[in-house]
Amino acid sequence: MKTAVIGAGHMGKWFAEELQKDGNTVAVFDLDPEKTRQCRGMQVLHAFADLRDFAPDLLLNAVSIQHTIEAFESSAPYLPDHCVLVDVASVKGNLQKFYQQGRFRYASLHPMFGPTFANVDDLHEENAIVIIESDPNTKEYFRDFFKKRGLHLTEFSFTAHDQMTAYSLSLPFASSLVFAACMKNTAVPGTTFKRHLTIARGLLSEDDTLLAEILFNGFSLEQLDNVTSRLEFLKHVIRDRDYEEACRFFDTLRRNINA
């Protein structure tokens with residue numbers, strides 16, 4: 001299968017390399033030519049128009065969420081009718097509407113691992129999501145693709161996916177960002193503090209655009225409102241030094257996390 005990957009950042013490069021290992025003929029394109037120089041054994045495209053001669057069977061879009069639809073629109077005039085569009089966006093937003101209004105079959109994926117927190121050479125404890133509305137044949141192809149690499153697979157609709165990622169990404173992202181916002185430039189002993197600091201540093205090593213796009217998920221504010229509500233309750237318990245209420249609160253939390 002001829003596969004074009006647009007966006008040669010960490011995730012795009014990983015997909016290009018793994019698809020090539022599976023026997024695909026792979027071409028890569030990125031607006032920044034520096035990012036394609038290390039794509040060995042692959043055809044490097046220098047403009048969207050080069051897609052016409054390559055004529056991919058599948059176009060995998062790994063650009064930033066902010067520019068995903070724009071990149072599809074720039075590619076579309078040069079794609080054969082049978083080409084399948086694939087995105088790997090962490091937040092789906094308006095992608096469903098874009099796909100439904102277009103002429104191409106599509107599949108939507110979310111590999112829930114990244115260069116900061118995952119070892120891409122060993123993904124057996126990692127997860128990937130396949131969107132239910134995806135083209136059946138392409139969905140099955142990527143189910144096999146992910147399973148071969150040991151990932152746990154889940155299926156969600158477009159809407160359920162964004163609701164879930166607001167909970168699983170926006171919520172912990174916001175918690176780490178607030179922790180970092182309260183930091184003082186002093187050395188602090190303690191294992192718990194160091195673990196939180198490691199997570200915050202890892203998160204803030206990510207691209208600013210990615211962090212913002214995760215937080216701008218349409219369902220994020222609902223999760224953050226819940227956080228602020230729980231914080232106000234915790235402040236009330238602390239202010240009153242209410243040990244019984246604190247213990248009830250801790251028991252509730254243990255049940256929440258199955259501890």
# chains A, B, ... in the order shown; residues from 1 in each chain; ligands from 1
>>> select_by_dssp(residues="range 40-225 of chain A", states="alpha helix (DSSP H)", output="ChimeraX atom specification")
/A:51-54,68-75,95-101,136-148,158-165,171-181,191-204,208-215,220-225
>>> atom_distance(atom1="CA of Phe15 in chain A", atom2="CA of Leu60 in chain A")
8.5 Å
>>> residues_around(residues="Ser176 in chain A", least_positions_apart="6", cutoff="12 Å", atoms="only C-alpha atoms", output="list in words")
Leu169, Ser170, Cys182, Met183, Phe193, Arg195, His196, Leu197, Thr198, Ile199, Ala200, Arg201, Gly202, Leu203, Leu204 and Leu211 of chain A
>>> atom_distance(atom1="CA of Ala107 in chain A", atom2="CA of Ile129 in chain A")
11.0 Å
>>> residues_around(residues="Ala160 in chain A", least_positions_apart="5", cutoff="12 Å", atoms="only C-alpha atoms", output="ChimeraX atom specification")
/A:91-93,129-133,154-155,165-167,218-219
>>> write_last_selection(atoms="N, CA and C atoms", output="PDB file, in the first residue's frame")
ATOM      1  N   VAL A  91      -7.591  15.624  19.919  1.00  0.00           N
ATOM      2  CA  VAL A  91      -8.925  16.203  20.083  1.00  0.00           C
ATOM      3  C   VAL A  91      -9.561  16.243  18.699  1.00  0.00           C
ATOM      4  N   LYS A  92     -10.761  15.691  18.558  1.00  0.00           N
ATOM      5  CA  LYS A  92     -11.365  15.549  17.233  1.00  0.00           C
ATOM      6  C   LYS A  92     -12.118  16.801  16.789  1.00  0.00           C
ATOM      7  N   GLY A  93     -12.738  17.517  17.710  1.00  0.00           N
ATOM      8  CA  GLY A  93     -13.374  18.787  17.372  1.00  0.00           C
ATOM      9  C   GLY A  93     -14.293  18.706  16.167  1.00  0.00           C
ATOM     10  N   ILE A 129      -6.868   4.497  20.474  1.00  0.00           N
ATOM     11  CA  ILE A 129      -8.312   4.597  20.245  1.00  0.00           C
ATOM     12  C   ILE A 129      -8.580   4.615  18.746  1.00  0.00           C
ATOM     13  N   VAL A 130      -9.591   3.879  18.338  1.00  0.00           N
ATOM     14  CA  VAL A 130     -10.079   3.912  16.961  1.00  0.00           C
ATOM     15  C   VAL A 130     -11.508   4.441  17.007  1.00  0.00           C
ATOM     16  N   ILE A 131     -11.789   5.437  16.190  1.00  0.00           N
ATOM     17  CA  ILE A 131     -13.125   6.037  16.190  1.00  0.00           C
ATOM     18  C   ILE A 131     -14.110   5.132  15.453  1.00  0.00           C
ATOM     19  N   ILE A 132     -15.260   4.906  16.074  1.00  0.00           N
ATOM     20  CA  ILE A 132     -16.257   3.954  15.577  1.00  0.00           C
ATOM     21  C   ILE A 132     -16.696   4.264  14.153  1.00  0.00           C
ATOM     22  N   GLU A 133     -16.858   5.554  13.840  1.00  0.00           N
ATOM     23  CA  GLU A 133     -17.399   5.941  12.530  1.00  0.00           C
ATOM     24  C   GLU A 133     -16.411   5.756  11.378  1.00  0.00           C
ATOM     25  N   THR A 154      -9.309   0.576  22.156  1.00  0.00           N
ATOM     26  CA  THR A 154     -10.655   0.956  22.568  1.00  0.00           C
ATOM     27  C   THR A 154     -11.311   1.688  21.410  1.00  0.00           C
ATOM     28  N   GLU A 155     -12.634   1.553  21.290  1.00  0.00           N
ATOM     29  CA  GLU A 155     -13.373   2.291  20.265  1.00  0.00           C
ATOM     30  C   GLU A 155     -14.319   3.291  20.923  1.00  0.00           C
ATOM     31  N   THR A 165     -11.284  12.331  26.506  1.00  0.00           N
ATOM     32  CA  THR A 165      -9.957  12.950  26.578  1.00  0.00           C
ATOM     33  C   THR A 165      -9.963  14.208  27.452  1.00  0.00           C
ATOM     34  N   ALA A 166     -11.111  14.860  27.576  1.00  0.00           N
ATOM     35  CA  ALA A 166     -11.200  15.978  28.528  1.00  0.00           C
ATOM     36  C   ALA A 166     -10.958  15.464  29.945  1.00  0.00           C
ATOM     37  N   TYR A 167     -11.419  14.244  30.194  1.00  0.00           N
ATOM     38  CA  TYR A 167     -11.251  13.612  31.508  1.00  0.00           C
ATOM     39  C   TYR A 167      -9.846  13.038  31.675  1.00  0.00           C
ATOM     40  N   GLY A 218     -13.485  21.084  23.782  1.00  0.00           N
ATOM     41  CA  GLY A 218     -14.767  21.678  24.130  1.00  0.00           C
ATOM     42  C   GLY A 218     -15.372  21.174  25.433  1.00  0.00           C
ATOM     43  N   PHE A 219     -14.869  20.044  25.933  1.00  0.00           N
ATOM     44  CA  PHE A 219     -15.407  19.476  27.177  1.00  0.00           C
ATOM     45  C   PHE A 219     -14.499  19.727  28.378  1.00  0.00           C
TER      46      PHE A 219
END
>>> select_by_dssp(residues="range 4-245 of chain A", states="strand (DSSP E or B)", output="ChimeraX atom specification")
/A:4-6,25-29,43-44,58-61,84-87,105-111,127-131,152-156
>>> residues_around(residues="Lys2 in chain A", least_positions_apart="2", cutoff="10 Å", atoms="only C-alpha atoms", output="list in words")
Ala4, Leu19, Gln20, Gly23, Asn24, Thr25, Val26, Ala27, Phe54, Ala55, Pro56, Asp57, Leu58, Leu59 and Cys83 of chain A
>>> residues_around(residues="Gln96 in chain A", least_positions_apart="2", cutoff="12 Å", atoms="only C-alpha atoms", output="list in words")
Ile69, Leu85, Val86, Asp87, Ala89, Val91, Lys92, Gly93, Asn94, Phe98, Tyr99, Gln100, Gln101, Gly102, Arg105, Tyr106, Ala107, Ser108, Ile131, Ile132, Glu133, Ser134, Ser157, Phe158, Thr159, His161 and Asp162 of chain A
>>> closest_residue(among="A:Leu215, A:Met1, A:Leu221, A:Ala246", to="Val84 in chain A", atoms="only C-alpha atoms")
A:Met1
>>> residues_around(residues="Thr36 in chain A", least_positions_apart="3", cutoff="10 Å", atoms="only C-alpha atoms", output="list in words")
Gly7, Ala8, Gly9, Lys13, Ala27, Val28, Phe29, Asp30, Leu31, Asp32, Pro33, Cys39, Arg40, Met42, Gln43, Val44, Leu45 and His46 of chain A
>>> closest_residue(among="A:Phe113, A:Phe72, A:Gly190, A:Gln223", to="His10 in chain A", atoms="only C-alpha atoms")
A:Phe113
>>> decode(residues="range 218-259 of chain A", atoms="N, CA and C atoms", output="CSV table (one decimal), in the first residue's frame")
chain,number,residue,atom,x,y,z
A,218,GLY,N,-13.5,21.1,23.8
A,218,GLY,CA,-14.8,21.7,24.1
A,218,GLY,C,-15.4,21.2,25.4
A,219,PHE,N,-14.9,20.0,25.9
A,219,PHE,CA,-15.4,19.5,27.2
A,219,PHE,C,-14.5,19.7,28.4
A,220,SER,N,-13.4,20.5,28.2
A,220,SER,CA,-12.4,20.7,29.3
A,220,SER,C,-13.0,21.5,30.4
A,221,LEU,N,-13.7,22.5,30.1
A,221,LEU,CA,-14.2,23.4,31.2
A,221,LEU,C,-15.1,22.6,32.2
A,222,GLU,N,-15.9,21.7,31.7
A,222,GLU,CA,-16.8,20.9,32.6
A,222,GLU,C,-15.9,20.2,33.6
A,223,GLN,N,-14.8,19.6,33.1
A,223,GLN,CA,-13.9,18.9,34.1
A,223,GLN,C,-13.2,19.9,35.1
A,224,LEU,N,-12.8,21.0,34.6
A,224,LEU,CA,-12.2,22.0,35.4
A,224,LEU,C,-13.2,22.6,36.5
A,225,ASP,N,-14.4,22.7,36.1
A,225,ASP,CA,-15.4,23.2,37.0
A,225,ASP,C,-15.6,22.2,38.2
A,226,ASN,N,-15.5,20.9,37.8
A,226,ASN,CA,-15.6,19.9,38.8
A,226,ASN,C,-14.4,19.9,39.8
A,227,VAL,N,-13.2,20.2,39.2
A,227,VAL,CA,-12.0,20.3,40.0
A,227,VAL,C,-12.1,21.5,41.0
A,228,THR,N,-12.5,22.7,40.5
A,228,THR,CA,-12.6,23.8,41.4
A,228,THR,C,-13.7,23.6,42.5
A,229,SER,N,-14.7,22.9,42.2
A,229,SER,CA,-15.7,22.6,43.2
A,229,SER,C,-15.2,21.7,44.3
A,230,ARG,N,-14.4,20.7,43.9
A,230,ARG,CA,-13.8,19.8,44.9
A,230,ARG,C,-12.7,20.5,45.7
A,231,LEU,N,-12.0,21.4,45.0
A,231,LEU,CA,-11.0,22.2,45.8
A,231,LEU,C,-11.6,23.1,46.8
A,232,GLU,N,-12.8,23.7,46.5
A,232,GLU,CA,-13.5,24.5,47.5
A,232,GLU,C,-14.0,23.7,48.6
A,233,PHE,N,-14.4,22.5,48.3
A,233,PHE,CA,-14.8,21.6,49.4
A,233,PHE,C,-13.6,21.2,50.3
A,234,LEU,N,-12.5,20.9,49.7
A,234,LEU,CA,-11.3,20.6,50.5
A,234,LEU,C,-10.8,21.7,51.3
A,235,LYS,N,-10.9,22.9,50.8
A,235,LYS,CA,-10.5,24.1,51.6
A,235,LYS,C,-11.5,24.3,52.8
A,236,HIS,N,-12.7,24.0,52.6
A,236,HIS,CA,-13.7,24.0,53.7
A,236,HIS,C,-13.3,23.0,54.8
A,237,VAL,N,-13.0,21.8,54.4
A,237,VAL,CA,-12.6,20.8,55.4
A,237,VAL,C,-11.3,21.2,56.1
A,238,ILE,N,-10.4,21.8,55.4
A,238,ILE,CA,-9.1,22.2,56.0
A,238,ILE,C,-9.3,23.4,57.0
A,239,ARG,N,-10.1,24.3,56.5
A,239,ARG,CA,-10.4,25.5,57.3
A,239,ARG,C,-11.0,25.1,58.7
A,240,ASP,N,-11.9,24.1,58.6
A,240,ASP,CA,-12.6,23.7,59.8
A,240,ASP,C,-11.9,22.7,60.6
A,241,ARG,N,-10.8,22.2,60.1
A,241,ARG,CA,-10.0,21.1,60.7
A,241,ARG,C,-11.0,19.9,61.1
A,242,ASP,N,-11.8,19.6,60.2
A,242,ASP,CA,-12.8,18.6,60.4
A,242,ASP,C,-12.3,17.2,60.1
A,243,TYR,N,-11.8,16.5,61.1
A,243,TYR,CA,-11.2,15.2,60.8
A,243,TYR,C,-12.1,14.1,60.3
A,244,GLU,N,-13.4,14.1,60.9
A,244,GLU,CA,-14.4,13.2,60.4
A,244,GLU,C,-14.7,13.4,58.9
A,245,GLU,N,-14.9,14.6,58.5
A,245,GLU,CA,-15.2,14.9,57.1
A,245,GLU,C,-14.0,14.6,56.3
A,246,ALA,N,-12.8,14.9,56.8
A,246,ALA,CA,-11.6,14.5,56.0
A,246,ALA,C,-11.5,13.0,55.7
A,247,CYS,N,-11.8,12.2,56.8
A,247,CYS,CA,-11.7,10.8,56.6
A,247,CYS,C,-12.8,10.3,55.6
A,248,ARG,N,-14.0,10.9,55.7
A,248,ARG,CA,-15.0,10.5,54.8
A,248,ARG,C,-14.6,10.8,53.3
A,249,PHE,N,-14.0,12.0,53.2
A,249,PHE,CA,-13.5,12.4,51.9
A,249,PHE,C,-12.4,11.5,51.4
A,250,PHE,N,-11.5,11.1,52.2
A,250,PHE,CA,-10.4,10.2,51.8
A,250,PHE,C,-11.0,8.8,51.4
A,251,ASP,N,-12.0,8.3,52.1
A,251,ASP,CA,-12.7,7.1,51.8
A,251,ASP,C,-13.3,7.1,50.4
A,252,THR,N,-14.0,8.3,50.1
A,252,THR,CA,-14.6,8.5,48.8
A,252,THR,C,-13.5,8.4,47.7
A,253,LEU,N,-12.4,9.1,48.0
A,253,LEU,CA,-11.3,9.1,47.0
A,253,LEU,C,-10.8,7.7,46.7
A,254,ARG,N,-10.6,6.9,47.8
A,254,ARG,CA,-10.1,5.6,47.6
A,254,ARG,C,-11.0,4.7,46.8
A,255,ARG,N,-12.3,4.9,47.0
A,255,ARG,CA,-13.3,4.2,46.2
A,255,ARG,C,-13.2,4.6,44.7
A,256,ASN,N,-13.0,5.9,44.5
A,256,ASN,CA,-12.9,6.5,43.2
A,256,ASN,C,-11.8,5.8,42.4
A,257,ILE,N,-10.7,5.6,43.1
A,257,ILE,CA,-9.5,5.1,42.4
A,257,ILE,C,-9.3,3.6,42.6
A,258,ASN,N,-10.3,2.9,43.2
A,258,ASN,CA,-10.3,1.5,43.5
A,258,ASN,C,-9.0,1.1,44.4
A,259,ALA,N,-8.7,2.0,45.3
A,259,ALA,CA,-7.6,1.7,46.2
A,259,ALA,C,-8.0,0.9,47.4
